[in-house]
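data-v1.pdb follows (PDB, C-alpha atoms):
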```pdb
ATOM      1  CA  MET A 350     -25.027 -38.466 -28.977
ATOM      2  CA  LEU A 351     -22.610 -35.757 -30.125
ATOM      3  CA  LYS A 352     -25.532 -33.658 -31.361
ATOM      4  CA  GLU A 353     -27.307 -33.983 -28.006
ATOM      5  CA  PHE A 354     -24.132 -32.986 -26.164
ATOM      6  CA  LYS A 355     -23.716 -29.944 -28.411
ATOM      7  CA  GLU A 356     -27.320 -28.871 -27.716
ATOM      8  CA  PHE A 357     -26.785 -29.369 -23.992
ATOM      9  CA  ALA A 358     -23.460 -27.501 -23.883
ATOM     10  CA  LEU A 359     -24.680 -24.571 -25.926
ATOM     11  CA  LYS A 360     -27.976 -24.025 -24.141
ATOM     12  CA  GLY A 361     -28.358 -20.549 -22.713
ATOM     13  CA  ASN A 362     -28.531 -21.852 -19.150
ATOM     14  CA  MET A 363     -25.241 -23.702 -19.473
ATOM     15  CA  VAL A 364     -23.465 -20.626 -20.827
ATOM     16  CA  ASP A 365     -25.024 -18.465 -18.079
ATOM     17  CA  LEU A 366     -23.828 -20.967 -15.485
ATOM     18  CA  ALA A 367     -20.300 -20.965 -16.901
ATOM     19  CA  ILE A 368     -20.201 -17.171 -16.841
ATOM     20  CA  GLY A 369     -21.499 -17.200 -13.256
ATOM     21  CA  VAL A 370     -18.780 -19.635 -12.164
ATOM     22  CA  ILE A 371     -16.045 -17.549 -13.776
ATOM     23  CA  ILE A 372     -17.329 -14.313 -12.259
ATOM     24  CA  GLY A 373     -17.783 -16.075  -8.917
ATOM     25  CA  ALA A 374     -14.157 -17.244  -8.934
ATOM     26  CA  ALA A 375     -12.932 -13.737  -9.703
ATOM     27  CA  PHE A 376     -15.245 -12.318  -7.036
ATOM     28  CA  GLY A 377     -13.885 -14.832  -4.526
ATOM     29  CA  ARG A 378     -10.306 -13.728  -5.147
ATOM     30  CA  LEU A 379     -11.398 -10.097  -4.836
ATOM     31  CA  VAL A 380     -13.039 -10.771  -1.480
ATOM     32  CA  GLU A 381      -9.990 -12.690  -0.269
ATOM     33  CA  SER A 382      -7.857  -9.664  -1.105
ATOM     34  CA  ILE A 383     -10.263  -7.299   0.659
ATOM     35  CA  VAL A 384     -10.191  -9.484   3.756
ATOM     36  CA  ALA A 385      -6.438 -10.115   3.785
ATOM     37  CA  ASP A 386      -5.262  -6.682   2.644
ATOM     38  CA  ILE A 387      -7.833  -4.299   4.128
ATOM     39  CA  PHE A 388      -9.958  -5.746   6.925
ATOM     40  CA  MET A 389      -7.486  -8.059   8.661
ATOM     41  CA  PRO A 390      -4.812  -5.342   9.101
ATOM     42  CA  ILE A 391      -7.474  -3.038  10.597
ATOM     43  CA  ILE A 392      -8.672  -5.810  12.910
ATOM     44  CA  GLY A 393      -5.038  -6.590  13.735
ATOM     45  CA  LEU A 394      -4.498  -2.925  14.625
ATOM     46  CA  LEU A 395      -7.571  -2.938  16.865
ATOM     47  CA  THR A 396      -6.326  -6.117  18.566
ATOM     48  CA  ARG A 397      -2.801  -4.691  19.020
ATOM     49  CA  GLY A 398      -1.105  -6.419  16.102
ATOM     50  CA  THR A 399      -2.649  -9.861  16.347
ATOM     51  CA  ASP A 400      -2.297 -11.739  13.066
ATOM     52  CA  PHE A 401      -5.247 -14.108  13.017
ATOM     53  CA  THR A 402      -3.811 -16.378  10.335
ATOM     54  CA  ASN A 403      -1.024 -17.458  12.707
ATOM     55  CA  LEU A 404      -3.178 -18.172  15.763
ATOM     56  CA  TYR A 405      -3.213 -21.847  16.653
ATOM     57  CA  LEU A 406      -3.521 -24.320  19.482
ATOM     58  CA  GLN A 407      -0.959 -27.100  19.369
ATOM     59  CA  LEU A 408      -2.397 -30.368  20.661
ATOM     60  CA  SER A 409       0.638 -32.621  20.388
ATOM     61  CA  GLY A 410       4.411 -32.376  20.133
ATOM     62  CA  ASP A 411       6.769 -29.756  21.484
ATOM     63  CA  ALA A 412       5.674 -26.108  21.408
ATOM     64  CA  GLN A 413       6.555 -24.499  18.100
ATOM     65  CA  PRO A 414       6.961 -20.801  17.201
ATOM     66  CA  THR A 415       5.027 -20.887  13.914
ATOM     67  CA  LEU A 416       1.856 -22.498  12.612
ATOM     68  CA  ALA A 417       3.716 -24.381   9.884
ATOM     69  CA  ALA A 418       6.145 -25.862  12.404
ATOM     70  CA  ALA A 419       3.294 -26.729  14.793
ATOM     71  CA  ARG A 420       1.460 -28.582  12.008
ATOM     72  CA  GLN A 421       4.593 -30.584  11.229
ATOM     73  CA  ALA A 422       5.056 -31.407  14.925
ATOM     74  CA  GLY A 423       1.581 -32.902  15.309
ATOM     75  CA  ALA A 424      -2.107 -32.213  15.742
ATOM     76  CA  THR A 425      -2.820 -28.489  15.628
ATOM     77  CA  ILE A 426      -6.026 -26.454  15.646
ATOM     78  CA  ALA A 427      -5.531 -23.403  13.411
ATOM     79  CA  TYR A 428      -8.389 -21.325  14.802
ATOM     80  CA  GLY A 429      -6.889 -18.103  13.414
ATOM     81  CA  ASN A 430      -7.417 -19.376   9.890
ATOM     82  CA  PHE A 431     -11.016 -20.158  10.818
ATOM     83  CA  ILE A 432     -11.515 -16.593  12.076
ATOM     84  CA  THR A 433     -10.130 -15.236   8.796
ATOM     85  CA  LEU A 434     -12.427 -17.486   6.746
ATOM     86  CA  LEU A 435     -15.395 -16.526   8.924
ATOM     87  CA  ILE A 436     -14.761 -12.840   8.291
ATOM     88  CA  ASN A 437     -14.378 -13.659   4.592
ATOM     89  CA  PHE A 438     -17.744 -15.454   4.616
ATOM     90  CA  LEU A 439     -19.485 -12.599   6.422
ATOM     91  CA  ILE A 440     -18.198 -10.087   3.881
ATOM     92  CA  VAL A 441     -19.330 -12.252   0.948
ATOM     93  CA  ALA A 442     -22.728 -12.806   2.554
ATOM     94  CA  TRP A 443     -23.155  -9.074   3.180
ATOM     95  CA  VAL A 444     -22.186  -8.128  -0.386
ATOM     96  CA  LEU A 445     -24.521 -10.756  -1.853
ATOM     97  CA  PHE A 446     -27.316  -9.548   0.434
ATOM     98  CA  MET A 447     -26.825  -5.990  -0.816
ATOM     99  CA  VAL A 448     -26.788  -7.162  -4.467
ATOM    100  CA  VAL A 449     -29.995  -9.177  -4.033
ATOM    101  CA  LYS A 450     -31.629  -6.295  -2.165
ATOM    102  CA  ALA A 451     -30.764  -3.884  -4.998
ATOM    103  CA  MET A 452     -32.040  -6.345  -7.605
ATOM    104  CA  ASN A 453     -35.310  -6.816  -5.723
ATOM    105  CA  ARG A 454     -35.770  -3.055  -5.504
ATOM    106  CA  PHE A 455     -35.165  -2.787  -9.259
ATOM    107  CA  LYS A 456     -37.648  -5.606  -9.949
ATOM    108  CA  LYS A 457     -40.289  -3.861  -7.818
ATOM    109  CA  LYS A 458     -39.875  -0.692  -9.874
ATOM    110  CA  GLU A 459     -40.295  -2.696 -13.067
ATOM    111  CA  ALA A 460     -43.363  -4.486 -11.709
ATOM    112  CA  ALA A 461     -44.916  -1.192 -10.612
ATOM    113  CA  LYS A 462     -44.895   0.149 -14.159
ATOM    114  CA  PRO A 463     -48.196  -0.684 -15.861
ATOM    115  CA  ALA A 464     -47.777  -2.680 -19.023
ATOM    116  CA  GLU A 465     -48.755  -0.885 -22.199
ATOM    117  CA  PRO A 466     -51.817  -2.411 -23.843
ATOM    118  CA  THR A 467     -51.301  -4.416 -26.987
ATOM    119  CA  LYS A 468     -52.673  -3.270 -30.339
ATOM    120  CA  GLU A 469     -55.498  -5.773 -30.019
ATOM    121  CA  GLU A 470     -56.464  -4.431 -26.615
ATOM    122  CA  VAL A 471     -56.445  -0.844 -27.926
ATOM    123  CA  LEU A 472     -58.646  -1.823 -30.881
ATOM    124  CA  LEU A 473     -61.036  -3.767 -28.664
ATOM    125  CA  THR A 474     -61.271  -0.807 -26.291
ATOM    126  CA  GLU A 475     -62.080   1.501 -29.190
ATOM    127  CA  ILE A 476     -64.742  -0.905 -30.488
ATOM    128  CA  ARG A 477     -66.233  -1.182 -26.996
ATOM    129  CA  ASP A 478     -66.347   2.610 -26.669
ATOM    130  CA  LEU A 479     -67.956   3.013 -30.097
ATOM    131  CA  LEU A 480     -70.583   0.388 -29.264
ATOM    132  CA  ALA A 481     -71.273   2.095 -25.938
ATOM    133  CA  LYS A 482     -71.867   5.409 -27.731
ATOM    134  CA  ARG A 483     -74.398   3.804 -30.120
ATOM    135  CA  THR A 484     -76.714   2.658 -27.365
TER     136      THR A 484
END
```
Now, as a test, write the supplied structure out as C-alpha coordinates.
Amino acid sequence: MLKEFKEFALKGNMVDLAIGVIIGAAFGRLVESIVADIFMPIIGLLTRGTDFTNLYLQLSGDAQPTLAAARQAGATIAYGNFITLLINFLIVAWVLFMVVKAMNRFKKKEAAKPAEPTKEEVLLTEIRDLLAKRT
(Lines of atoms letter the chains of each structure in order from A and count residues from 1; the text may use other names and numbers.)
(Lines give C-alpha, C1' and ligand atoms only; values in the text may rest on other atoms or scores of the structure.)
Protein backbone atom coordinates (compact mmCIF):
# COMPACT_ATOMS: atom_id res chain seq x y z
CA MET A 1 0.00 0.00 0.00
CA LEU A 2 2.85 2.38 0.85
CA LYS A 3 4.52 1.59 -2.47
CA GLU A 4 1.30 2.33 -4.37
CA PHE A 5 0.89 5.63 -2.51
CA LYS A 6 4.48 6.60 -3.33
CA GLU A 7 3.89 5.86 -7.04
CA PHE A 8 0.67 7.86 -6.96
CA ALA A 9 2.18 10.85 -5.12
CA LEU A 10 5.25 11.02 -7.30
CA LYS A 11 3.54 10.70 -10.66
CA GLY A 12 4.23 13.58 -13.00
CA ASN A 13 0.58 14.61 -13.08
CA MET A 14 0.38 14.89 -9.31
CA VAL A 15 3.49 17.07 -9.15
CA ASP A 16 2.17 19.22 -12.03
CA LEU A 17 -1.12 19.62 -10.18
CA ALA A 18 0.64 20.63 -6.97
CA ILE A 19 2.71 23.21 -8.83
CA GLY A 20 -0.46 24.52 -10.51
CA VAL A 21 -2.23 24.90 -7.16
CA ILE A 22 0.71 26.78 -5.64
CA ILE A 23 1.04 29.10 -8.63
CA GLY A 24 -2.74 29.55 -8.68
CA ALA A 25 -2.75 30.62 -5.02
CA ALA A 26 0.03 33.13 -5.65
CA PHE A 27 -1.76 34.36 -8.77
CA GLY A 28 -4.96 34.79 -6.77
CA ARG A 29 -3.23 36.99 -4.20
CA LEU A 30 -1.67 39.00 -7.03
CA VAL A 31 -5.06 39.58 -8.63
CA GLU A 32 -6.58 40.54 -5.29
CA SER A 33 -3.86 43.16 -4.89
CA ILE A 34 -4.41 44.47 -8.42
CA VAL A 35 -8.13 44.78 -7.77
CA ALA A 36 -7.86 46.29 -4.29
CA ASP A 37 -4.83 48.52 -4.85
CA ILE A 38 -5.16 49.60 -8.49
CA PHE A 39 -8.60 49.12 -10.01
CA MET A 40 -10.87 49.81 -7.04
CA PRO A 41 -9.27 53.20 -6.24
CA ILE A 42 -9.67 54.20 -9.92
CA ILE A 43 -13.30 53.04 -9.90
CA GLY A 44 -13.78 54.83 -6.58
CA LEU A 45 -12.39 58.02 -8.14
CA LEU A 46 -14.75 57.69 -11.11
CA THR A 47 -17.68 57.17 -8.72
CA ARG A 48 -16.66 60.15 -6.55
CA GLY A 49 -14.94 58.26 -3.75
CA THR A 50 -17.31 55.34 -3.34
CA ASP A 51 -15.62 52.46 -1.53
CA PHE A 52 -17.39 49.37 -2.80
CA THR A 53 -16.21 47.12 0.02
CA ASN A 54 -18.27 49.14 2.52
CA LEU A 55 -21.52 49.27 0.55
CA TYR A 56 -24.29 47.32 2.24
CA LEU A 57 -28.01 47.10 2.77
CA GLN A 58 -29.02 46.51 6.36
CA LEU A 59 -32.13 44.34 6.60
CA SER A 60 -32.63 44.25 10.35
CA GLY A 61 -31.64 46.19 13.45
CA ASP A 62 -30.89 49.86 13.88
CA ALA A 63 -29.00 51.67 11.11
CA GLN A 64 -25.26 51.34 11.59
CA PRO A 65 -22.42 53.49 10.20
CA THR A 66 -20.11 50.63 9.17
CA LEU A 67 -20.48 47.23 7.53
CA ALA A 68 -18.98 45.43 10.52
CA ALA A 69 -21.44 47.08 12.90
CA ALA A 70 -24.36 46.38 10.53
CA ARG A 71 -23.42 42.69 10.40
CA GLN A 72 -23.36 42.53 14.20
CA ALA A 73 -26.75 44.27 14.38
CA GLY A 74 -28.48 41.73 12.15
CA ALA A 75 -29.09 40.55 8.61
CA THR A 76 -27.06 42.57 6.13
CA ILE A 77 -26.49 42.30 2.39
CA ALA A 78 -22.90 43.32 1.63
CA TYR A 79 -23.37 44.01 -2.08
CA GLY A 80 -20.20 46.12 -2.22
CA ASN A 81 -18.12 43.07 -1.42
CA PHE A 82 -19.93 41.23 -4.22
CA ILE A 83 -19.07 44.03 -6.67
CA THR A 84 -15.41 43.81 -5.64
CA LEU A 85 -15.37 40.02 -6.08
CA LEU A 86 -17.12 40.35 -9.44
CA ILE A 87 -14.46 42.75 -10.68
CA ASN A 88 -11.83 40.36 -9.32
CA PHE A 89 -13.42 37.48 -11.25
CA LEU A 90 -13.61 39.47 -14.47
CA ILE A 91 -9.93 40.38 -14.24
CA VAL A 92 -8.93 36.75 -13.60
CA ALA A 93 -11.13 35.54 -16.45
CA TRP A 94 -9.65 38.13 -18.82
CA VAL A 95 -6.05 37.28 -17.88
CA LEU A 96 -6.71 33.54 -18.27
CA PHE A 97 -8.38 34.18 -21.63
CA MET A 98 -5.31 36.09 -22.81
CA VAL A 99 -2.98 33.31 -21.57
CA VAL A 100 -4.99 30.59 -23.32
CA LYS A 101 -5.20 32.69 -26.48
CA ALA A 102 -1.41 33.15 -26.51
CA MET A 103 -0.86 29.44 -25.89
CA ASN A 104 -3.22 28.51 -28.72
CA ARG A 105 -1.40 30.87 -31.07
CA PHE A 106 1.92 29.28 -30.06
CA LYS A 107 0.50 25.78 -30.60
CA LYS A 108 -0.73 26.76 -34.08
CA LYS A 109 2.77 27.92 -35.00
CA GLU A 110 4.20 24.62 -33.79
CA ALA A 111 1.57 22.63 -35.70
CA ALA A 112 2.24 24.62 -38.87
CA LYS A 113 5.87 23.55 -38.94
CA PRO A 114 6.24 20.38 -41.01
CA ALA A 115 7.78 17.53 -39.11
CA GLU A 116 11.20 16.45 -40.31
CA PRO A 117 11.17 12.98 -41.84
CA THR A 118 12.71 10.18 -39.86
CA LYS A 119 15.85 8.38 -41.03
CA GLU A 120 13.72 5.47 -42.19
CA GLU A 121 11.52 7.75 -44.27
CA VAL A 122 14.58 9.40 -45.86
CA LEU A 123 16.07 5.99 -46.72
CA LEU A 124 12.78 4.72 -48.12
CA THR A 125 12.44 7.87 -50.22
CA GLU A 126 15.94 7.38 -51.59
CA ILE A 127 15.21 3.72 -52.39
CA ARG A 128 11.96 4.71 -54.10
CA ASP A 129 13.77 7.33 -56.18
CA LEU A 130 16.51 4.88 -57.17
CA LEU A 131 13.93 2.27 -58.19
CA ALA A 132 12.04 4.89 -60.20
CA LYS A 133 15.24 5.78 -62.09
CA ARG A 134 15.86 2.11 -63.00
CA THR A 135 12.59 1.70 -64.84
Given all atoms listed in the file as the counted atoms, nearest of A:Val384, A:Ile372, A:Ala367, A:Ala358 to Leu434 in chain A: A:Val384
Using the file's own x, y and z axes, so that the box edges lie along x, y and z, what centre and edge lengths in Å (one decimal) does a box around every listed atom of range 436-454 of chain A get when 8 Å is added on each side? Give it as JSON.
```
{"center_x": -25.1, "center_y": -9.3, "center_z": 0.3, "size_x": 37.4, "size_y": 28.4, "size_z": 31.9}
```
Using all atoms listed in the file, can you tell me which of A:Asn453, A:Asn403, A:Thr433, A:Asn362 comes closest to Ala419 in chain A? A:Asn403
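Neighbouring residues of Ala424 in chain A at 9 Å or closer, counting all atoms listed in the file and skipping chain neighbours under 5 positions away, are Leu406, Gln407, Leu408, Ser409, Gly410 and Ala419 of chain A.
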Given all atoms listed in the file as the basis, pick out the residue of A:Met363, A:Ile436, A:Leu473, A:Val448 nearest to Ile392 in chain A.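 For Ile392 in chain A, the nearest of the given residues is A:Ile436.
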Between A:Ala417, A:Ala427, A:Leu439, A:Ala422, smallest distance to Thr402 in chain A by all atoms listed in the file belongs to A:Ala427
Give me, please, the distance in Å between CA of Tyr405 in chain A and CA of Phe431 in chain A, quoted to one decimal.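 About the pair CA of Tyr405 in chain A and CA of Phe431 in chain A: they are 9.9 Å apart.
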Can we get range 428-454 of chain A of that structure written down with N, CA, C and O atoms, as an mmCIF file, in the first residue's frame?
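part_9.cif was written with the following content:
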```
data_model
loop_
_atom_site.group_PDB
_atom_site.id
_atom_site.type_symbol
_atom_site.label_atom_id
_atom_site.label_comp_id
_atom_site.auth_asym_id
_atom_site.auth_seq_id
_atom_site.Cartn_x
_atom_site.Cartn_y
_atom_site.Cartn_z
ATOM 1 N N TYR A 428 -23.467 44.041 -0.621
ATOM 2 C CA TYR A 428 -23.374 44.006 -2.078
ATOM 3 C C TYR A 428 -22.096 44.660 -2.599
ATOM 4 O O TYR A 428 -21.635 44.351 -3.692
ATOM 5 N N GLY A 429 -21.475 45.519 -1.823
ATOM 6 C CA GLY A 429 -20.204 46.125 -2.221
ATOM 7 C C GLY A 429 -19.108 45.087 -2.318
ATOM 8 O O GLY A 429 -18.275 45.115 -3.233
ATOM 9 N N ASN A 430 -19.094 44.161 -1.377
ATOM 10 C CA ASN A 430 -18.125 43.066 -1.423
ATOM 11 C C ASN A 430 -18.357 42.213 -2.660
ATOM 12 O O ASN A 430 -17.402 41.770 -3.313
ATOM 13 N N PHE A 431 -19.606 41.992 -3.011
ATOM 14 C CA PHE A 431 -19.929 41.233 -4.218
ATOM 15 C C PHE A 431 -19.405 41.952 -5.466
ATOM 16 O O PHE A 431 -18.849 41.320 -6.359
ATOM 17 N N ILE A 432 -19.570 43.259 -5.521
ATOM 18 C CA ILE A 432 -19.069 44.026 -6.667
ATOM 19 C C ILE A 432 -17.550 43.883 -6.771
ATOM 20 O O ILE A 432 -17.000 43.672 -7.859
ATOM 21 N N THR A 433 -16.857 43.970 -5.642
ATOM 22 C CA THR A 433 -15.406 43.809 -5.638
ATOM 23 C C THR A 433 -15.008 42.419 -6.143
ATOM 24 O O THR A 433 -14.102 42.277 -6.965
ATOM 25 N N LEU A 434 -15.685 41.393 -5.652
ATOM 26 C CA LEU A 434 -15.372 40.021 -6.083
ATOM 27 C C LEU A 434 -15.720 39.803 -7.554
ATOM 28 O O LEU A 434 -15.023 39.058 -8.257
ATOM 29 N N LEU A 435 -16.772 40.453 -8.029
ATOM 30 C CA LEU A 435 -17.125 40.350 -9.444
ATOM 31 C C LEU A 435 -16.041 40.974 -10.320
ATOM 32 O O LEU A 435 -15.636 40.385 -11.326
ATOM 33 N N ILE A 436 -15.555 42.127 -9.932
ATOM 34 C CA ILE A 436 -14.462 42.753 -10.680
ATOM 35 C C ILE A 436 -13.225 41.855 -10.636
ATOM 36 O O ILE A 436 -12.550 41.664 -11.649
ATOM 37 N N ASN A 437 -12.944 41.296 -9.472
ATOM 38 C CA ASN A 437 -11.833 40.359 -9.316
ATOM 39 C C ASN A 437 -11.977 39.187 -10.288
ATOM 40 O O ASN A 437 -11.033 38.825 -10.994
ATOM 41 N N PHE A 438 -13.163 38.606 -10.348
ATOM 42 C CA PHE A 438 -13.421 37.476 -11.246
ATOM 43 C C PHE A 438 -13.226 37.876 -12.704
ATOM 44 O O PHE A 438 -12.620 37.134 -13.484
ATOM 45 N N LEU A 439 -13.743 39.037 -13.086
ATOM 46 C CA LEU A 439 -13.613 39.473 -14.474
ATOM 47 C C LEU A 439 -12.155 39.679 -14.868
ATOM 48 O O LEU A 439 -11.747 39.336 -15.981
ATOM 49 N N ILE A 440 -11.354 40.199 -13.951
ATOM 50 C CA ILE A 440 -9.932 40.376 -14.240
ATOM 51 C C ILE A 440 -9.251 39.021 -14.402
ATOM 52 O O ILE A 440 -8.475 38.814 -15.336
ATOM 53 N N VAL A 441 -9.525 38.095 -13.490
ATOM 54 C CA VAL A 441 -8.931 36.748 -13.597
ATOM 55 C C VAL A 441 -9.358 36.079 -14.890
ATOM 56 O O VAL A 441 -8.533 35.497 -15.609
ATOM 57 N N ALA A 442 -10.633 36.166 -15.219
ATOM 58 C CA ALA A 442 -11.128 35.545 -16.453
ATOM 59 C C ALA A 442 -10.449 36.154 -17.678
ATOM 60 O O ALA A 442 -10.073 35.442 -18.612
ATOM 61 N N TRP A 443 -10.286 37.466 -17.682
ATOM 62 C CA TRP A 443 -9.647 38.134 -18.820
ATOM 63 C C TRP A 443 -8.186 37.707 -18.955
ATOM 64 O O TRP A 443 -7.720 37.407 -20.048
ATOM 65 N N VAL A 444 -7.463 37.678 -17.845
ATOM 66 C CA VAL A 444 -6.051 37.276 -17.883
ATOM 67 C C VAL A 444 -5.927 35.830 -18.355
ATOM 68 O O VAL A 444 -5.088 35.507 -19.202
ATOM 69 N N LEU A 445 -6.761 34.947 -17.833
ATOM 70 C CA LEU A 445 -6.707 33.543 -18.267
ATOM 71 C C LEU A 445 -7.072 33.407 -19.742
ATOM 72 O O LEU A 445 -6.469 32.616 -20.468
ATOM 73 N N PHE A 446 -8.027 34.193 -20.208
ATOM 74 C CA PHE A 446 -8.382 34.184 -21.626
ATOM 75 C C PHE A 446 -7.179 34.579 -22.474
ATOM 76 O O PHE A 446 -6.880 33.946 -23.492
ATOM 77 N N MET A 447 -6.481 35.624 -22.064
ATOM 78 C CA MET A 447 -5.311 36.087 -22.815
ATOM 79 C C MET A 447 -4.190 35.041 -22.798
ATOM 80 O O MET A 447 -3.516 34.823 -23.805
ATOM 81 N N VAL A 448 -4.001 34.365 -21.663
ATOM 82 C CA VAL A 448 -2.976 33.311 -21.570
ATOM 83 C C VAL A 448 -3.320 32.156 -22.499
ATOM 84 O O VAL A 448 -2.470 31.661 -23.249
ATOM 85 N N VAL A 449 -4.571 31.707 -22.464
ATOM 86 C CA VAL A 449 -4.992 30.591 -23.323
ATOM 87 C C VAL A 449 -4.900 30.989 -24.793
ATOM 88 O O VAL A 449 -4.457 30.196 -25.636
ATOM 89 N N LYS A 450 -5.281 32.217 -25.101
ATOM 90 C CA LYS A 450 -5.202 32.694 -26.484
ATOM 91 C C LYS A 450 -3.757 32.688 -26.973
ATOM 92 O O LYS A 450 -3.471 32.256 -28.092
ATOM 93 N N ALA A 451 -2.832 33.157 -26.135
ATOM 94 C CA ALA A 451 -1.410 33.154 -26.506
ATOM 95 C C ALA A 451 -0.889 31.726 -26.666
ATOM 96 O O ALA A 451 -0.129 31.439 -27.601
ATOM 97 N N MET A 452 -1.304 30.837 -25.791
ATOM 98 C CA MET A 452 -0.863 29.440 -25.889
ATOM 99 C C MET A 452 -1.396 28.796 -27.163
ATOM 100 O O MET A 452 -0.677 28.048 -27.829
ATOM 101 N N ASN A 453 -2.646 29.070 -27.496
ATOM 102 C CA ASN A 453 -3.218 28.508 -28.725
ATOM 103 C C ASN A 453 -2.491 29.037 -29.953
ATOM 104 O O ASN A 453 -2.256 28.291 -30.907
ATOM 105 N N ARG A 454 -2.130 30.295 -29.949
ATOM 106 C CA ARG A 454 -1.395 30.874 -31.066
ATOM 107 C C ARG A 454 -0.022 30.201 -31.193
ATOM 108 O O ARG A 454 0.437 29.898 -32.280
#
```
